[in-house]
There are 2 protein chains.
Amino acid sequence: MFCGLIFLFFIWEKRFVSGKKFIKSIEREDVIQNLAYDLVIFGFNGKQLKILVLEYHNTGLFALPGGFVKKSESLENAVKRGLKERTGLENIYLEQFRTFGSLSRSNPEAMKRILEENGLDLIKHEWMLDRFLSVAHYALINYDEVSPEPDSLSDSINWYSINELPTLMMDHREIVETALQVLRENLEKKLVGMNLLPSKFTMKQLQQVYEAILGEKLRRTTFQRRLLAMGVLERHEKLFQGKAHKAPFLYSFKGKQ
Amino acid sequence: MFCGLIFLFFIWEKRFVSGKKFIKSIEREDVIQNLAYDLVIFGFNGKQLKILVLEYHNTGLFALPGGFVKKSESLENAVKRGLKERTGLENIYLEQFRTFGSLSRSNPEAMKRILEENGLDLIKHEWMLDRFLSVAHYALINYDEVSPEPDSLSDSINWYSINELPTLMMDHREIVETALQVLRENLEKKLVGMNLLPSKFTMKQLQQVYEAILGEKLRRTTFQRRLLAMGVLERHEKLFQGKAHKAPFLYSFKGKQ
DNA sequence: ACATTATTGTAACATATTGAGACAATAATC
DNA sequence: GATTATTGTCTCAATATGTTACAATAATGT
């Protein structure tokens, strides 16, 4: 079985021949066999932590975005390329966190259905039904800067709150859980928060990111004191929100423009 | 290029036909292509942190142990199998920490030499000269329980202090550095120390493990207080070492026999 | 204008946690 | 019985964190 998100690699061409779309598919010879990557793309909408999930039309199958590694490119480049195709963004915070390689992570029937529903040659793409290992990554992006493009692909792609995920294919649920766990562990160490917010933000927004990632409420005063003591924040002008109370300062992370 | 440690998979048979050894080699069809794993096997000799390094005879090439993943086995099983073949041990503490996938991690010339020096068919093993991704793992073992077997293999395998490593093939140096970095990060979180010591140990031994991993001296009193406060240690009888001073207690980790 | 309201920034104090040093206990040796 | 090196624990200072309190303030209502 493959790893879910093959279609990242497909280039859809909107040619209408006898009313059908044709897909320029990926060649077996160009990519490393039995290996894929998957992406857990996190975003923060101001309240909740969300991730991007694909839905394959006519199948009801949900999966993480992912793709293959070309024989002539590095793993890192393959992932960055896929991420750019999905989100349109470059220079995204990206972290590889685990390679999933169990034998049970496969689902040839589901894969077959997806190929069929998209009018792909089953013989030519039989290699996609094989067993796949997947190198899982998570990415952190600014929710507001992205508008994932569902229309140019046969599958739709949407944000889902991590608390309200649909049932995902294969072991993708486990991949998400692991990503979240690693993200939590890296929260302090790697200043993860900076990649989920606009360049300027209030202390409250930053705290909300922390709370969304950790899944728990934090004490306001302690949080503020601790983050200021870290010395990584730069204070800017106040933000007047037009509300009947004191206006908060805006902050940015030092070293980020 | 491959990932270094293919020979873990070779089964050497000591048949003497015209004075030469013959190797039962691994079949291309049985393993996943362009994918390997590498092992950073840590041990602690009481003073220094050490790792197991291979040397290929007649080449002066040093590399990490590693191997391939069979199409019919999980990644985890492949690694555990390789680890057992190298050390003879089962139930070893094992942690996957990164997949290396750059294009520059290859060295077809070196690989060719290794194949030639071992009398392997270059045509049949040409796939080993290709580009390889490698899923890197580290293992923690009790130094005294292991006697790596150099004689049954064409390559020797020996312990090297992490401060005195020979020049390693390809990106294996980087793999070791990364392993050490991850090990340090996991030191508290995963009670790593327990896997490098015999089941009963003194507080001093435990501190020496911590110091060897972190590469710095720790304060004795603080260390002792902190580890006792964690509540993971069980105190046993005293250890009389025949020295002219107070005998230390022996400890074990709770939940480890 | 002036009180009201909600939120923010920070101070103050209590409560851990850690750093650093001191010291008694002890197992062998002299 | 004194000497020696090491161990286990205590104390006190320095830091960090939990908790509460409160003044400052930007808009609104009167």
# chains A, B, ... in the order shown; residues from 1 in each chain; ligands from 1
$ interface_residues --of "chain A" --to "chain C" --cutoff "8 Å" --atoms "only C-alpha atoms (C1' of nucleotides)" --output "list in words"
Ala244, His245, Lys246, Ala247 and Pro248 of chain A
$ write_last_selection --atoms "C-alpha atoms" --output "mmCIF file, in the first residue's frame"
data_model
loop_
_atom_site.group_PDB
_atom_site.id
_atom_site.type_symbol
_atom_site.label_atom_id
_atom_site.label_comp_id
_atom_site.auth_asym_id
_atom_site.auth_seq_id
_atom_site.Cartn_x
_atom_site.Cartn_y
_atom_site.Cartn_z
ATOM 1 C CA ALA A 244 -13.276 49.112 26.306
ATOM 2 C CA HIS A 245 -10.070 48.146 28.053
ATOM 3 C CA LYS A 246 -6.323 48.597 28.137
ATOM 4 C CA ALA A 247 -4.653 47.966 24.804
ATOM 5 C CA PRO A 248 -2.074 45.133 24.685
#
$ select_by_dssp --residues "segment 5-235 of chain A" --states "strand (DSSP E or B)" --output "PDB file with C-alpha atoms, in the first residue's frame"
ATOM      1  CA  ILE A  11      -0.493  17.221 -12.298  1.00  0.00           C
ATOM      2  CA  TRP A  12      -4.047  17.713 -13.304  1.00  0.00           C
ATOM      3  CA  GLU A  13      -4.617  19.197 -16.662  1.00  0.00           C
ATOM      4  CA  LYS A  14      -7.994  20.640 -17.328  1.00  0.00           C
ATOM      5  CA  ARG A  15      -8.292  19.296 -20.811  1.00  0.00           C
ATOM      6  CA  PHE A  16     -11.766  18.317 -21.714  1.00  0.00           C
ATOM      7  CA  VAL A  17     -11.723  15.412 -24.080  1.00  0.00           C
ATOM      8  CA  LYS A  20     -13.471  13.840 -19.065  1.00  0.00           C
ATOM      9  CA  LYS A  21     -10.440  15.223 -17.314  1.00  0.00           C
ATOM     10  CA  PHE A  22      -7.101  13.605 -18.018  1.00  0.00           C
ATOM     11  CA  ILE A  23      -4.386  13.166 -15.511  1.00  0.00           C
ATOM     12  CA  LYS A  24      -0.722  13.370 -16.270  1.00  0.00           C
ATOM     13  CA  VAL A  31      10.310   7.747  -7.998  1.00  0.00           C
ATOM     14  CA  ILE A  32      11.763   5.626  -5.239  1.00  0.00           C
ATOM     15  CA  GLN A  33       9.641   2.538  -4.767  1.00  0.00           C
ATOM     16  CA  ASN A  34       7.849   1.635  -1.531  1.00  0.00           C
ATOM     17  CA  LEU A  35       8.680   4.969   0.008  1.00  0.00           C
ATOM     18  CA  ALA A  36       6.508   8.028   0.508  1.00  0.00           C
ATOM     19  CA  TYR A  37       6.221  10.982   2.803  1.00  0.00           C
ATOM     20  CA  ASP A  38       3.250  12.332   4.715  1.00  0.00           C
ATOM     21  CA  LEU A  39       2.560  15.824   5.969  1.00  0.00           C
ATOM     22  CA  VAL A  40       0.788  17.008   9.080  1.00  0.00           C
ATOM     23  CA  ILE A  41       0.273  20.671   8.252  1.00  0.00           C
ATOM     24  CA  PHE A  42      -0.677  22.622  11.359  1.00  0.00           C
ATOM     25  CA  GLY A  43      -2.397  25.980  11.328  1.00  0.00           C
ATOM     26  CA  PHE A  44      -3.940  28.149  14.043  1.00  0.00           C
ATOM     27  CA  LEU A  49      -5.136  24.087  16.245  1.00  0.00           C
ATOM     28  CA  LYS A  50      -6.037  22.717  12.845  1.00  0.00           C
ATOM     29  CA  ILE A  51      -4.543  20.446  10.229  1.00  0.00           C
ATOM     30  CA  LEU A  52      -5.046  20.044   6.505  1.00  0.00           C
ATOM     31  CA  VAL A  53      -6.845  16.858   5.450  1.00  0.00           C
ATOM     32  CA  LEU A  54      -7.591  15.585   1.955  1.00  0.00           C
ATOM     33  CA  GLU A  55     -10.797  13.975   0.879  1.00  0.00           C
ATOM     34  CA  TYR A  56     -10.856  11.807  -2.207  1.00  0.00           C
ATOM     35  CA  LEU A  61     -11.711   8.541   2.149  1.00  0.00           C
ATOM     36  CA  PHE A  62      -9.752  11.079   4.161  1.00  0.00           C
ATOM     37  CA  ALA A  63      -5.980  11.200   4.250  1.00  0.00           C
ATOM     38  CA  GLY A  66       1.825  13.388   1.015  1.00  0.00           C
ATOM     39  CA  GLY A  67       3.804  12.261  -1.966  1.00  0.00           C
ATOM     40  CA  PHE A  68       6.736  10.404  -3.408  1.00  0.00           C
ATOM     41  CA  VAL A  69      10.438  11.081  -3.553  1.00  0.00           C
ATOM     42  CA  LYS A  70      11.943  11.328  -7.001  1.00  0.00           C
ATOM     43  CA  TYR A  93       8.751  25.609   9.169  1.00  0.00           C
ATOM     44  CA  LEU A  94       9.158  21.893   8.544  1.00  0.00           C
ATOM     45  CA  GLU A  95      10.239  19.079  10.799  1.00  0.00           C
ATOM     46  CA  GLN A  96      10.670  15.422  10.071  1.00  0.00           C
ATOM     47  CA  PHE A  97       9.586  13.399  13.065  1.00  0.00           C
ATOM     48  CA  ARG A  98       9.291   9.678  12.304  1.00  0.00           C
ATOM     49  CA  THR A  99       9.332   7.049   9.609  1.00  0.00           C
ATOM     50  CA  PHE A 100       6.410   4.658   9.712  1.00  0.00           C
ATOM     51  CA  LEU A 133       7.031   3.205   4.218  1.00  0.00           C
ATOM     52  CA  SER A 134       6.359   6.822   4.956  1.00  0.00           C
ATOM     53  CA  VAL A 135       8.605   9.518   6.326  1.00  0.00           C
ATOM     54  CA  ALA A 136       6.283  11.732   8.359  1.00  0.00           C
ATOM     55  CA  HIS A 137       6.820  15.476   8.732  1.00  0.00           C
ATOM     56  CA  TYR A 138       4.917  18.262  10.349  1.00  0.00           C
ATOM     57  CA  ALA A 139       4.752  21.807   9.066  1.00  0.00           C
ATOM     58  CA  LEU A 140       3.636  24.987  10.829  1.00  0.00           C
ATOM     59  CA  ASP A 155      -9.473  15.762  -4.185  1.00  0.00           C
ATOM     60  CA  SER A 156     -10.575  18.500  -1.843  1.00  0.00           C
ATOM     61  CA  ILE A 157      -8.372  19.776   0.936  1.00  0.00           C
ATOM     62  CA  ASN A 158      -9.689  21.414   4.101  1.00  0.00           C
ATOM     63  CA  TRP A 159      -8.796  22.492   7.588  1.00  0.00           C
ATOM     64  CA  TYR A 160      -9.977  20.278  10.420  1.00  0.00           C
ATOM     65  CA  SER A 161      -9.692  20.957  14.106  1.00  0.00           C
ATOM     66  CA  LEU A 168      -8.415   8.872   8.353  1.00  0.00           C
ATOM     67  CA  PHE A 201       1.042  39.357  17.830  1.00  0.00           C
ATOM     68  CA  THR A 202      -0.212  40.039  21.327  1.00  0.00           C
ATOM     69  CA  LEU A 233      10.402  38.704  22.355  1.00  0.00           C
ATOM     70  CA  GLU A 234      10.650  42.225  21.058  1.00  0.00           C
ATOM     71  CA  ARG A 235       8.016  44.693  22.169  1.00  0.00           C
TER      72      ARG A 235
END
$ interface_residues --of "chain A" --to "chain D" --cutoff "12 Å" --atoms "only C-alpha atoms (C1' of nucleotides)" --output "PyMOL selection string"
chain A and resi 218-223+225-226+229+238-248
$ write_last_selection --atoms "C-alpha atoms" --output "short mmCIF file (atom, residue, chain, number, x, y, z; two decimals), in the first residue's frame"
data_model
loop_
_atom_site.label_atom_id
_atom_site.label_comp_id
_atom_site.auth_asym_id
_atom_site.auth_seq_id
_atom_site.Cartn_x
_atom_site.Cartn_y
_atom_site.Cartn_z
CA LEU A 218 -2.19 28.29 31.21
CA ARG A 219 -1.91 30.91 33.92
CA ARG A 220 -1.81 34.33 32.31
CA THR A 221 0.64 36.06 34.64
CA THR A 222 3.04 33.14 34.83
CA PHE A 223 2.98 32.70 31.08
CA ARG A 225 6.51 36.51 32.96
CA ARG A 226 8.11 33.33 31.69
CA ALA A 229 12.13 36.30 30.89
CA LYS A 238 0.25 48.91 21.27
CA LEU A 239 -2.65 47.36 19.43
CA PHE A 240 -5.88 49.33 19.78
CA GLN A 241 -8.68 46.93 19.14
CA GLY A 242 -11.51 49.40 19.78
CA LYS A 243 -12.50 47.59 22.94
CA ALA A 244 -13.28 49.11 26.31
CA HIS A 245 -10.07 48.15 28.05
CA LYS A 246 -6.32 48.60 28.14
CA ALA A 247 -4.65 47.97 24.80
CA PRO A 248 -2.07 45.13 24.68
#
$ select_by_dssp --residues "segment 77-213 of chain B" --states "alpha helix (DSSP H)" --output "ChimeraX atom specification"
/B:77-87,108-117,172-189,203-213
$ interface_residues --of "chain A" --to "chain B" --cutoff "6 Å" --atoms "only C-alpha atoms" --output "list in words"
Ser74, Leu75, Gly101, Ser102 and Leu103 of chain A
$ write_last_selection --atoms "C-alpha atoms" --output "mmCIF file, in the first residue's frame"
data_model
loop_
_atom_site.group_PDB
_atom_site.id
_atom_site.type_symbol
_atom_site.label_atom_id
_atom_site.label_comp_id
_atom_site.auth_asym_id
_atom_site.auth_seq_id
_atom_site.Cartn_x
_atom_site.Cartn_y
_atom_site.Cartn_z
ATOM 1 C CA SER A 74 16.606 14.706 -1.854
ATOM 2 C CA LEU A 75 13.960 13.718 0.627
ATOM 3 C CA GLY A 101 7.270 1.238 8.401
ATOM 4 C CA SER A 102 4.919 -1.412 9.731
ATOM 5 C CA LEU A 103 3.530 -4.023 7.372
#
